[in-house]
Amino acid sequence: MDLITPEFGLVFWTLITFLVLLFILRKFAWNPILGAVSERENGIKKALASADKARQEMENLQADNQKILKEARAEREAMLKEARELKNKMIDDAKEEAKEEANKLVAQAQAAIETEKKAAIADLKAQVAALTISIAEKVLGEELSNKGKQEKLVESMLDDTSLN
Amino acid sequence: MQRISNKVFKAEKMTSKTLKRKFLTALILAVSFIGFAKEPAKEGEEGKEKFDPKEMILHHVKDAYGMHIATFNADKENELHLTIPLPVIVYTDKGLTTFSSSAFHHDYHGHEIVERNGQRFVNVHEKVYVLDPGALEVAYDEEGHPINAHRPKFDISITRNVLMMWVSISVLFLIFLTAARRYNKSDNYVPSGVASFVEPLIVFVRDEIARPMIGEHKYKRYMPYLLTIFFFIWINNIFGLIPILNGANLSGNIAFTFTLAVLTFIITTVSGNKNYWKHIFWMPGVPVPMKIFLMPIEIIGMFVKPISLMIRLFANITAGHVIILALMSLIFVFKTVAIAPVSVAFSLFITVIEVIVTAIQAYIFTILSALYFGMATEEEHH
């Protein structure tokens, strides 16, 4: 029974000792240690958060760079395309113009040729007429003197004359 | 070993009236080894007193007025006790009386009478009695209780358990005040030295005991108490295992566990909120007859919780001591060293288990206290 009966003396000293222990350790050990631990934990949390934030910012920055780069590329592409189009257009225009010019020249030349041809034909006609007249004069003259001779003359004259 | 054998020699010398007592646990445990152990002597040899393991074990696990460390030349003319005398402080009708425990001359059978302040004091089984006026020596009834002496009104002697308690708190102060100084703001509160050893334990109490049991919002208030009981119980459990600190069975003493359990009870009761009391006196969510039926059960439960805390720690630690001592007693029960290897092997095994138990019991006491605080402060959530 002794064993399971709390002794007043030991209860008394345990109570006093425990309370002293509790108050001293609370003031000089638990509060500083727990404070330091939670302070450090907060510090770690903050550091992690800021690292996360920095990474996020870095990513944003990179994304921005990428975007700018992309835009620049697109712009260059557009400019090149425009230039190419312009060049093609200029070439096409020049070609068109040249063609038109050539066509015009050809037309003019054809017109000139036609004119020349007409003039030549007219000239030929005139010459043929004149020749015919002269031949007719000679033929007429011959005929008047000698019939046979006149015929020979006409024939020789016709041989000499080339119709060109 | 040394502790046990010293104790045993002392007990051997001083027990004369207990010849017929049964061999307790020791004998039961020893039955299997009887093959190579000698038959225990039925009667003590002439002139030599019989060894009684029960007496020895009980004297070990209980408190004492002096801190006995060793006895040299036992049972001889020049017998020498190595004892740290401790102050006996008693308050009687005639006021406060103090004297050194050495005045009893290692007697705890009521033979040595100490006269102080006009009163006669005797030590009967490590309890100081005041002899009634006129009585010259103690008379006992059939059960061995003194009939002509009474306990003083208050006995606040510095017993060996009190001494060990003070040694243990000195160690706690040394460890934790040193640790606390190790945290410097300049070092970003990074622990070093002893702090890096105690910090995981403190964080363990916070994250594994206080936070889950009490809750994130309220646990901070209870942290100092929980940390203090955890380390106070643990260190005293450990001190109880050190053999040379003869009889440091503080955490296996019911007065110690009683005090801590009462503190837990007081804190639980004081911090109990409306919801807690409602659950005790008028259980929500059940029919009225059930509410009436549950009320007495809950009221009993309020008290059973700290009582279970008290008994659990006391019984676990005391049982560990009793087993180790019983195993050691085998050597003296059988009066042969042949049994010693078995005793030593078994008690080593038990001691190793006890090392784990020291931490487990401290943990259980703390986590249950935290659980009760958590129940007391739980908010209504329906």
# chains A, B, ... in the order shown; residues from 1 in each chain; ligands from 1
$ interface_residues --of "chain A" --to "chain B" --cutoff "12 Å" --atoms "only C-alpha atoms" --output "ChimeraX atom specification"
/A:1-44
$ residues_around --residues "Asn316 (chain B)" --least-positions-apart "6" --cutoff "10 Å" --atoms "only C-alpha atoms" --output "JSON, numbers by chain"
{"B": [251, 252, 322, 354, 357, 358, 361]}
$ residues_around --residues "region 211-216 of chain B" --least-positions-apart "4" --cutoff "8 Å" --atoms "only C-alpha atoms" --output "PyMOL selection string"
chain B and resi 206-207+367+370-371+373-375+377-378
$ select_by_dssp --residues "region 158-353 of chain B" --states "helix (DSSP H, G or I)" --output "PDB file with C-alpha atoms, in the first residue's frame"
ATOM      1  CA  ARG B 160      16.890  10.704  -2.190  1.00  0.00           C
ATOM      2  CA  ASN B 161      14.165  11.150  -4.816  1.00  0.00           C
ATOM      3  CA  VAL B 162      14.071  14.869  -4.143  1.00  0.00           C
ATOM      4  CA  LEU B 163      17.847  14.984  -4.414  1.00  0.00           C
ATOM      5  CA  MET B 164      17.745  13.093  -7.697  1.00  0.00           C
ATOM      6  CA  MET B 165      15.017  15.392  -8.935  1.00  0.00           C
ATOM      7  CA  TRP B 166      17.254  18.371  -8.250  1.00  0.00           C
ATOM      8  CA  VAL B 167      20.174  16.681  -9.931  1.00  0.00           C
ATOM      9  CA  SER B 168      17.974  15.997 -12.940  1.00  0.00           C
ATOM     10  CA  ILE B 169      16.716  19.564 -13.202  1.00  0.00           C
ATOM     11  CA  SER B 170      20.290  20.812 -12.926  1.00  0.00           C
ATOM     12  CA  VAL B 171      21.109  18.651 -15.910  1.00  0.00           C
ATOM     13  CA  LEU B 172      18.059  19.994 -17.741  1.00  0.00           C
ATOM     14  CA  PHE B 173      19.074  23.572 -16.979  1.00  0.00           C
ATOM     15  CA  LEU B 174      22.590  22.846 -18.144  1.00  0.00           C
ATOM     16  CA  ILE B 175      21.428  21.309 -21.405  1.00  0.00           C
ATOM     17  CA  PHE B 176      18.672  23.691 -22.361  1.00  0.00           C
ATOM     18  CA  LEU B 177      20.050  26.979 -21.122  1.00  0.00           C
ATOM     19  CA  THR B 178      23.266  26.193 -22.981  1.00  0.00           C
ATOM     20  CA  ALA B 179      21.270  25.216 -26.024  1.00  0.00           C
ATOM     21  CA  ALA B 180      19.208  28.409 -25.925  1.00  0.00           C
ATOM     22  CA  ARG B 181      22.373  30.503 -25.891  1.00  0.00           C
ATOM     23  CA  LYS B 185      20.498  36.226 -34.483  1.00  0.00           C
ATOM     24  CA  SER B 186      23.802  36.911 -36.214  1.00  0.00           C
ATOM     25  CA  ASP B 187      23.984  33.300 -37.341  1.00  0.00           C
ATOM     26  CA  VAL B 194      24.129  20.981 -28.043  1.00  0.00           C
ATOM     27  CA  ALA B 195      21.380  22.980 -29.711  1.00  0.00           C
ATOM     28  CA  SER B 196      21.593  20.849 -32.820  1.00  0.00           C
ATOM     29  CA  PHE B 197      21.028  17.834 -30.593  1.00  0.00           C
ATOM     30  CA  VAL B 198      18.035  19.145 -28.665  1.00  0.00           C
ATOM     31  CA  GLU B 199      16.378  20.947 -31.523  1.00  0.00           C
ATOM     32  CA  PRO B 200      15.102  17.813 -33.278  1.00  0.00           C
ATOM     33  CA  LEU B 201      13.573  16.703 -29.981  1.00  0.00           C
ATOM     34  CA  ILE B 202      11.899  20.051 -29.431  1.00  0.00           C
ATOM     35  CA  VAL B 203      10.670  20.131 -33.009  1.00  0.00           C
ATOM     36  CA  PHE B 204       9.435  16.561 -32.542  1.00  0.00           C
ATOM     37  CA  VAL B 205       7.349  17.591 -29.528  1.00  0.00           C
ATOM     38  CA  ARG B 206       6.003  20.516 -31.502  1.00  0.00           C
ATOM     39  CA  ASP B 207       5.276  18.791 -34.810  1.00  0.00           C
ATOM     40  CA  GLU B 208       4.388  15.276 -33.701  1.00  0.00           C
ATOM     41  CA  ILE B 209       2.707  15.935 -30.352  1.00  0.00           C
ATOM     42  CA  ALA B 210       1.425  19.474 -29.907  1.00  0.00           C
ATOM     43  CA  ARG B 211       0.350  20.386 -33.429  1.00  0.00           C
ATOM     44  CA  PRO B 212      -1.623  17.263 -34.341  1.00  0.00           C
ATOM     45  CA  MET B 213      -3.175  16.862 -30.881  1.00  0.00           C
ATOM     46  CA  ILE B 214      -4.078  20.450 -30.029  1.00  0.00           C
ATOM     47  CA  TYR B 219      -0.798  24.634 -29.570  1.00  0.00           C
ATOM     48  CA  LYS B 220       1.636  27.456 -28.810  1.00  0.00           C
ATOM     49  CA  ARG B 221       0.159  28.131 -25.364  1.00  0.00           C
ATOM     50  CA  TYR B 222       0.833  24.563 -24.232  1.00  0.00           C
ATOM     51  CA  MET B 223       4.291  24.149 -25.710  1.00  0.00           C
ATOM     52  CA  PRO B 224       6.291  25.137 -22.588  1.00  0.00           C
ATOM     53  CA  TYR B 225       4.326  22.718 -20.413  1.00  0.00           C
ATOM     54  CA  LEU B 226       4.527  19.848 -22.888  1.00  0.00           C
ATOM     55  CA  LEU B 227       8.243  20.336 -23.470  1.00  0.00           C
ATOM     56  CA  THR B 228       8.914  20.555 -19.763  1.00  0.00           C
ATOM     57  CA  ILE B 229       7.036  17.383 -18.811  1.00  0.00           C
ATOM     58  CA  PHE B 230       8.511  15.509 -21.752  1.00  0.00           C
ATOM     59  CA  PHE B 231      12.094  16.248 -20.828  1.00  0.00           C
ATOM     60  CA  PHE B 232      11.489  16.150 -17.067  1.00  0.00           C
ATOM     61  CA  ILE B 233       9.987  12.655 -17.251  1.00  0.00           C
ATOM     62  CA  TRP B 234      12.498  11.426 -19.773  1.00  0.00           C
ATOM     63  CA  ILE B 235      15.560  12.556 -17.868  1.00  0.00           C
ATOM     64  CA  ASN B 236      14.243  11.114 -14.614  1.00  0.00           C
ATOM     65  CA  ASN B 237      13.459   7.830 -16.336  1.00  0.00           C
ATOM     66  CA  ILE B 238      17.028   7.771 -17.585  1.00  0.00           C
ATOM     67  CA  PHE B 239      18.441   8.591 -14.150  1.00  0.00           C
ATOM     68  CA  GLY B 240      16.455   5.693 -12.786  1.00  0.00           C
ATOM     69  CA  ILE B 254       3.440   7.562  -7.413  1.00  0.00           C
ATOM     70  CA  ALA B 255       3.863  10.969  -5.753  1.00  0.00           C
ATOM     71  CA  PHE B 256       5.801  12.223  -8.756  1.00  0.00           C
ATOM     72  CA  THR B 257       3.377  10.896 -11.366  1.00  0.00           C
ATOM     73  CA  PHE B 258       0.469  12.057  -9.227  1.00  0.00           C
ATOM     74  CA  THR B 259       1.767  15.633  -9.226  1.00  0.00           C
ATOM     75  CA  LEU B 260       2.274  15.737 -12.971  1.00  0.00           C
ATOM     76  CA  ALA B 261      -1.112  14.125 -13.617  1.00  0.00           C
ATOM     77  CA  VAL B 262      -2.782  16.681 -11.352  1.00  0.00           C
ATOM     78  CA  LEU B 263      -1.089  19.496 -13.268  1.00  0.00           C
ATOM     79  CA  THR B 264      -2.355  18.072 -16.543  1.00  0.00           C
ATOM     80  CA  PHE B 265      -5.826  17.765 -15.029  1.00  0.00           C
ATOM     81  CA  ILE B 266      -5.772  21.368 -13.795  1.00  0.00           C
ATOM     82  CA  ILE B 267      -4.620  22.715 -17.149  1.00  0.00           C
ATOM     83  CA  THR B 268      -7.243  20.641 -18.975  1.00  0.00           C
ATOM     84  CA  THR B 269     -10.009  21.818 -16.678  1.00  0.00           C
ATOM     85  CA  VAL B 270      -8.977  25.454 -16.738  1.00  0.00           C
ATOM     86  CA  SER B 271      -8.665  25.573 -20.505  1.00  0.00           C
ATOM     87  CA  LYS B 274     -17.959  25.725 -23.696  1.00  0.00           C
ATOM     88  CA  ASN B 275     -17.876  22.870 -26.184  1.00  0.00           C
ATOM     89  CA  TYR B 276     -15.832  20.705 -23.812  1.00  0.00           C
ATOM     90  CA  TRP B 277     -18.199  21.154 -20.899  1.00  0.00           C
ATOM     91  CA  LYS B 278     -21.183  20.619 -23.149  1.00  0.00           C
ATOM     92  CA  HIS B 279     -19.741  17.270 -24.180  1.00  0.00           C
ATOM     93  CA  ILE B 280     -19.415  16.301 -20.536  1.00  0.00           C
ATOM     94  CA  PHE B 281     -22.728  17.453 -19.107  1.00  0.00           C
ATOM     95  CA  VAL B 288     -32.195  13.037 -23.949  1.00  0.00           C
ATOM     96  CA  PRO B 289     -32.152   9.708 -22.009  1.00  0.00           C
ATOM     97  CA  MET B 290     -28.753   9.043 -23.498  1.00  0.00           C
ATOM     98  CA  LYS B 291     -27.566  12.501 -22.457  1.00  0.00           C
ATOM     99  CA  ILE B 292     -28.545  11.735 -18.876  1.00  0.00           C
ATOM    100  CA  PHE B 293     -26.911   8.331 -19.074  1.00  0.00           C
ATOM    101  CA  LEU B 294     -23.678   9.686 -20.505  1.00  0.00           C
ATOM    102  CA  MET B 295     -23.277  12.527 -18.037  1.00  0.00           C
ATOM    103  CA  PRO B 296     -21.954  10.474 -15.084  1.00  0.00           C
ATOM    104  CA  ILE B 297     -19.734   8.462 -17.411  1.00  0.00           C
ATOM    105  CA  GLU B 298     -18.205  11.617 -18.835  1.00  0.00           C
ATOM    106  CA  ILE B 299     -17.720  13.080 -15.370  1.00  0.00           C
ATOM    107  CA  ILE B 300     -15.936   9.934 -14.263  1.00  0.00           C
ATOM    108  CA  GLY B 301     -13.923  10.045 -17.475  1.00  0.00           C
ATOM    109  CA  MET B 302     -12.694  13.516 -16.599  1.00  0.00           C
ATOM    110  CA  PHE B 303     -10.952  12.064 -13.555  1.00  0.00           C
ATOM    111  CA  VAL B 304     -10.021   8.705 -15.016  1.00  0.00           C
ATOM    112  CA  LYS B 305      -7.866  10.357 -17.655  1.00  0.00           C
ATOM    113  CA  PRO B 306      -5.313  11.876 -15.259  1.00  0.00           C
ATOM    114  CA  ILE B 307      -5.490   8.802 -13.021  1.00  0.00           C
ATOM    115  CA  SER B 308      -4.557   6.613 -15.970  1.00  0.00           C
ATOM    116  CA  LEU B 309      -1.663   8.957 -16.728  1.00  0.00           C
ATOM    117  CA  MET B 310      -0.493   8.667 -13.137  1.00  0.00           C
ATOM    118  CA  ILE B 311      -0.715   4.885 -12.947  1.00  0.00           C
ATOM    119  CA  ARG B 312       0.723   4.217 -16.384  1.00  0.00           C
ATOM    120  CA  LEU B 313       3.998   6.022 -15.788  1.00  0.00           C
ATOM    121  CA  PHE B 314       4.351   4.779 -12.217  1.00  0.00           C
ATOM    122  CA  ALA B 315       3.616   1.166 -13.087  1.00  0.00           C
ATOM    123  CA  ASN B 316       5.794   1.035 -16.179  1.00  0.00           C
ATOM    124  CA  ILE B 317       8.876   2.452 -14.544  1.00  0.00           C
ATOM    125  CA  THR B 318       8.442   0.570 -11.289  1.00  0.00           C
ATOM    126  CA  ALA B 319       7.835  -2.689 -13.135  1.00  0.00           C
ATOM    127  CA  GLY B 320      11.073  -2.223 -15.057  1.00  0.00           C
ATOM    128  CA  HIS B 321      13.001  -1.714 -11.841  1.00  0.00           C
ATOM    129  CA  VAL B 322      11.330  -4.671 -10.186  1.00  0.00           C
ATOM    130  CA  ILE B 323      12.169  -7.009 -13.058  1.00  0.00           C
ATOM    131  CA  ILE B 324      15.824  -6.004 -13.151  1.00  0.00           C
ATOM    132  CA  LEU B 325      16.131  -6.322  -9.387  1.00  0.00           C
ATOM    133  CA  ALA B 326      14.347  -9.653  -9.347  1.00  0.00           C
ATOM    134  CA  LEU B 327      16.700 -11.039 -11.947  1.00  0.00           C
ATOM    135  CA  MET B 328      19.668  -9.844  -9.935  1.00  0.00           C
ATOM    136  CA  SER B 329      18.192 -11.307  -6.776  1.00  0.00           C
ATOM    137  CA  LEU B 330      18.439 -14.762  -8.313  1.00  0.00           C
ATOM    138  CA  ILE B 331      22.144 -14.771  -7.578  1.00  0.00           C
ATOM    139  CA  PHE B 332      21.510 -14.171  -3.900  1.00  0.00           C
ATOM    140  CA  VAL B 333      18.455 -16.362  -3.688  1.00  0.00           C
ATOM    141  CA  PHE B 334      20.397 -19.334  -5.020  1.00  0.00           C
ATOM    142  CA  VAL B 337      27.564 -17.343  -8.934  1.00  0.00           C
ATOM    143  CA  ALA B 338      26.592 -19.990 -11.491  1.00  0.00           C
ATOM    144  CA  ILE B 339      23.327 -18.171 -12.031  1.00  0.00           C
ATOM    145  CA  ALA B 340      25.067 -14.817 -12.468  1.00  0.00           C
ATOM    146  CA  PRO B 341      25.556 -15.037 -16.244  1.00  0.00           C
ATOM    147  CA  VAL B 342      21.855 -15.721 -16.668  1.00  0.00           C
ATOM    148  CA  SER B 343      20.905 -12.881 -14.332  1.00  0.00           C
ATOM    149  CA  VAL B 344      23.265 -10.479 -16.008  1.00  0.00           C
ATOM    150  CA  ALA B 345      22.178 -11.467 -19.507  1.00  0.00           C
ATOM    151  CA  PHE B 346      18.512 -11.158 -18.689  1.00  0.00           C
ATOM    152  CA  SER B 347      18.820  -7.922 -16.788  1.00  0.00           C
ATOM    153  CA  LEU B 348      20.952  -6.482 -19.578  1.00  0.00           C
ATOM    154  CA  PHE B 349      18.205  -7.406 -22.004  1.00  0.00           C
ATOM    155  CA  ILE B 350      15.560  -5.807 -19.785  1.00  0.00           C
ATOM    156  CA  THR B 351      17.750  -2.739 -19.248  1.00  0.00           C
ATOM    157  CA  VAL B 352      18.035  -2.226 -22.989  1.00  0.00           C
ATOM    158  CA  ILE B 353      14.268  -2.465 -23.262  1.00  0.00           C
TER     159      ILE B 353
END
$ atom_distance --atom1 "CA of Ala135 (chain B)" --atom2 "CA of Gly118 (chain B)"
12.4 Å
$ residues_around --residues "region 134-136 of chain A" --least-positions-apart "6" --cutoff "9 Å" --atoms "only C-alpha atoms" --output "list of chain:residue names"
A:Val154, A:Met157, A:Leu158
$ select_by_dssp --residues "region 126-172 of chain B" --states "strand (DSSP E)" --output "PyMOL selection string"
chain B and resi 128-131+149-150+154-155
$ atom_distance --atom1 "CA of Gly66 (chain B)" --atom2 "CA of Ser101 (chain B)"
5.8 Å
$ closest_residue --among "B:His150, B:Lys94, B:Lys54, B:His106" --to "Ile69 (chain B)" --atoms "only C-alpha atoms"
B:His106
$ decode --residues "region 239-349 of chain B" --atoms "C-alpha atoms" --output "PDB file, in the first residue's frame"
ATOM      1  CA  PHE B 239      18.441   8.591 -14.150  1.00  0.00           C
ATOM      2  CA  GLY B 240      16.455   5.693 -12.786  1.00  0.00           C
ATOM      3  CA  LEU B 241      18.467   3.367 -15.000  1.00  0.00           C
ATOM      4  CA  ILE B 242      21.885   4.465 -13.798  1.00  0.00           C
ATOM      5  CA  PRO B 243      22.906   1.795 -11.285  1.00  0.00           C
ATOM      6  CA  ILE B 244      25.300   3.801  -9.138  1.00  0.00           C
ATOM      7  CA  LEU B 245      22.659   6.472  -8.460  1.00  0.00           C
ATOM      8  CA  ASN B 246      21.222   3.977  -6.059  1.00  0.00           C
ATOM      9  CA  GLY B 247      17.480   4.193  -5.905  1.00  0.00           C
ATOM     10  CA  ALA B 248      16.719   7.001  -8.248  1.00  0.00           C
ATOM     11  CA  ASN B 249      13.251   5.728  -8.914  1.00  0.00           C
ATOM     12  CA  LEU B 250      11.638   9.148  -9.059  1.00  0.00           C
ATOM     13  CA  SER B 251       9.461   8.682 -12.124  1.00  0.00           C
ATOM     14  CA  GLY B 252       8.424   5.294 -10.724  1.00  0.00           C
ATOM     15  CA  ASN B 253       7.164   6.987  -7.601  1.00  0.00           C
ATOM     16  CA  ILE B 254       3.440   7.562  -7.413  1.00  0.00           C
ATOM     17  CA  ALA B 255       3.863  10.969  -5.753  1.00  0.00           C
ATOM     18  CA  PHE B 256       5.801  12.223  -8.756  1.00  0.00           C
ATOM     19  CA  THR B 257       3.377  10.896 -11.366  1.00  0.00           C
ATOM     20  CA  PHE B 258       0.469  12.057  -9.227  1.00  0.00           C
ATOM     21  CA  THR B 259       1.767  15.633  -9.226  1.00  0.00           C
ATOM     22  CA  LEU B 260       2.274  15.737 -12.971  1.00  0.00           C
ATOM     23  CA  ALA B 261      -1.112  14.125 -13.617  1.00  0.00           C
ATOM     24  CA  VAL B 262      -2.782  16.681 -11.352  1.00  0.00           C
ATOM     25  CA  LEU B 263      -1.089  19.496 -13.268  1.00  0.00           C
ATOM     26  CA  THR B 264      -2.355  18.072 -16.543  1.00  0.00           C
ATOM     27  CA  PHE B 265      -5.826  17.765 -15.029  1.00  0.00           C
ATOM     28  CA  ILE B 266      -5.772  21.368 -13.795  1.00  0.00           C
ATOM     29  CA  ILE B 267      -4.620  22.715 -17.149  1.00  0.00           C
ATOM     30  CA  THR B 268      -7.243  20.641 -18.975  1.00  0.00           C
ATOM     31  CA  THR B 269     -10.009  21.818 -16.678  1.00  0.00           C
ATOM     32  CA  VAL B 270      -8.977  25.454 -16.738  1.00  0.00           C
ATOM     33  CA  SER B 271      -8.665  25.573 -20.505  1.00  0.00           C
ATOM     34  CA  GLY B 272     -11.906  23.653 -21.108  1.00  0.00           C
ATOM     35  CA  ASN B 273     -14.192  25.705 -23.352  1.00  0.00           C
ATOM     36  CA  LYS B 274     -17.959  25.725 -23.696  1.00  0.00           C
ATOM     37  CA  ASN B 275     -17.876  22.870 -26.184  1.00  0.00           C
ATOM     38  CA  TYR B 276     -15.832  20.705 -23.812  1.00  0.00           C
ATOM     39  CA  TRP B 277     -18.199  21.154 -20.899  1.00  0.00           C
ATOM     40  CA  LYS B 278     -21.183  20.619 -23.149  1.00  0.00           C
ATOM     41  CA  HIS B 279     -19.741  17.270 -24.180  1.00  0.00           C
ATOM     42  CA  ILE B 280     -19.415  16.301 -20.536  1.00  0.00           C
ATOM     43  CA  PHE B 281     -22.728  17.453 -19.107  1.00  0.00           C
ATOM     44  CA  TRP B 282     -25.102  17.476 -22.070  1.00  0.00           C
ATOM     45  CA  MET B 283     -23.695  15.414 -24.927  1.00  0.00           C
ATOM     46  CA  PRO B 284     -24.906  16.947 -28.170  1.00  0.00           C
ATOM     47  CA  GLY B 285     -26.383  14.827 -30.918  1.00  0.00           C
ATOM     48  CA  VAL B 286     -27.886  12.065 -28.805  1.00  0.00           C
ATOM     49  CA  PRO B 287     -31.414  11.593 -27.368  1.00  0.00           C
ATOM     50  CA  VAL B 288     -32.195  13.037 -23.949  1.00  0.00           C
ATOM     51  CA  PRO B 289     -32.152   9.708 -22.009  1.00  0.00           C
ATOM     52  CA  MET B 290     -28.753   9.043 -23.498  1.00  0.00           C
ATOM     53  CA  LYS B 291     -27.566  12.501 -22.457  1.00  0.00           C
ATOM     54  CA  ILE B 292     -28.545  11.735 -18.876  1.00  0.00           C
ATOM     55  CA  PHE B 293     -26.911   8.331 -19.074  1.00  0.00           C
ATOM     56  CA  LEU B 294     -23.678   9.686 -20.505  1.00  0.00           C
ATOM     57  CA  MET B 295     -23.277  12.527 -18.037  1.00  0.00           C
ATOM     58  CA  PRO B 296     -21.954  10.474 -15.084  1.00  0.00           C
ATOM     59  CA  ILE B 297     -19.734   8.462 -17.411  1.00  0.00           C
ATOM     60  CA  GLU B 298     -18.205  11.617 -18.835  1.00  0.00           C
ATOM     61  CA  ILE B 299     -17.720  13.080 -15.370  1.00  0.00           C
ATOM     62  CA  ILE B 300     -15.936   9.934 -14.263  1.00  0.00           C
ATOM     63  CA  GLY B 301     -13.923  10.045 -17.475  1.00  0.00           C
ATOM     64  CA  MET B 302     -12.694  13.516 -16.599  1.00  0.00           C
ATOM     65  CA  PHE B 303     -10.952  12.064 -13.555  1.00  0.00           C
ATOM     66  CA  VAL B 304     -10.021   8.705 -15.016  1.00  0.00           C
ATOM     67  CA  LYS B 305      -7.866  10.357 -17.655  1.00  0.00           C
ATOM     68  CA  PRO B 306      -5.313  11.876 -15.259  1.00  0.00           C
ATOM     69  CA  ILE B 307      -5.490   8.802 -13.021  1.00  0.00           C
ATOM     70  CA  SER B 308      -4.557   6.613 -15.970  1.00  0.00           C
ATOM     71  CA  LEU B 309      -1.663   8.957 -16.728  1.00  0.00           C
ATOM     72  CA  MET B 310      -0.493   8.667 -13.137  1.00  0.00           C
ATOM     73  CA  ILE B 311      -0.715   4.885 -12.947  1.00  0.00           C
ATOM     74  CA  ARG B 312       0.723   4.217 -16.384  1.00  0.00           C
ATOM     75  CA  LEU B 313       3.998   6.022 -15.788  1.00  0.00           C
ATOM     76  CA  PHE B 314       4.351   4.779 -12.217  1.00  0.00           C
ATOM     77  CA  ALA B 315       3.616   1.166 -13.087  1.00  0.00           C
ATOM     78  CA  ASN B 316       5.794   1.035 -16.179  1.00  0.00           C
ATOM     79  CA  ILE B 317       8.876   2.452 -14.544  1.00  0.00           C
ATOM     80  CA  THR B 318       8.442   0.570 -11.289  1.00  0.00           C
ATOM     81  CA  ALA B 319       7.835  -2.689 -13.135  1.00  0.00           C
ATOM     82  CA  GLY B 320      11.073  -2.223 -15.057  1.00  0.00           C
ATOM     83  CA  HIS B 321      13.001  -1.714 -11.841  1.00  0.00           C
ATOM     84  CA  VAL B 322      11.330  -4.671 -10.186  1.00  0.00           C
ATOM     85  CA  ILE B 323      12.169  -7.009 -13.058  1.00  0.00           C
ATOM     86  CA  ILE B 324      15.824  -6.004 -13.151  1.00  0.00           C
ATOM     87  CA  LEU B 325      16.131  -6.322  -9.387  1.00  0.00           C
ATOM     88  CA  ALA B 326      14.347  -9.653  -9.347  1.00  0.00           C
ATOM     89  CA  LEU B 327      16.700 -11.039 -11.947  1.00  0.00           C
ATOM     90  CA  MET B 328      19.668  -9.844  -9.935  1.00  0.00           C
ATOM     91  CA  SER B 329      18.192 -11.307  -6.776  1.00  0.00           C
ATOM     92  CA  LEU B 330      18.439 -14.762  -8.313  1.00  0.00           C
ATOM     93  CA  ILE B 331      22.144 -14.771  -7.578  1.00  0.00           C
ATOM     94  CA  PHE B 332      21.510 -14.171  -3.900  1.00  0.00           C
ATOM     95  CA  VAL B 333      18.455 -16.362  -3.688  1.00  0.00           C
ATOM     96  CA  PHE B 334      20.397 -19.334  -5.020  1.00  0.00           C
ATOM     97  CA  LYS B 335      23.585 -18.285  -3.284  1.00  0.00           C
ATOM     98  CA  THR B 336      25.675 -19.228  -6.289  1.00  0.00           C
ATOM     99  CA  VAL B 337      27.564 -17.343  -8.934  1.00  0.00           C
ATOM    100  CA  ALA B 338      26.592 -19.990 -11.491  1.00  0.00           C
ATOM    101  CA  ILE B 339      23.327 -18.171 -12.031  1.00  0.00           C
ATOM    102  CA  ALA B 340      25.067 -14.817 -12.468  1.00  0.00           C
ATOM    103  CA  PRO B 341      25.556 -15.037 -16.244  1.00  0.00           C
ATOM    104  CA  VAL B 342      21.855 -15.721 -16.668  1.00  0.00           C
ATOM    105  CA  SER B 343      20.905 -12.881 -14.332  1.00  0.00           C
ATOM    106  CA  VAL B 344      23.265 -10.479 -16.008  1.00  0.00           C
ATOM    107  CA  ALA B 345      22.178 -11.467 -19.507  1.00  0.00           C
ATOM    108  CA  PHE B 346      18.512 -11.158 -18.689  1.00  0.00           C
ATOM    109  CA  SER B 347      18.820  -7.922 -16.788  1.00  0.00           C
ATOM    110  CA  LEU B 348      20.952  -6.482 -19.578  1.00  0.00           C
ATOM    111  CA  PHE B 349      18.205  -7.406 -22.004  1.00  0.00           C
TER     112      PHE B 349
END
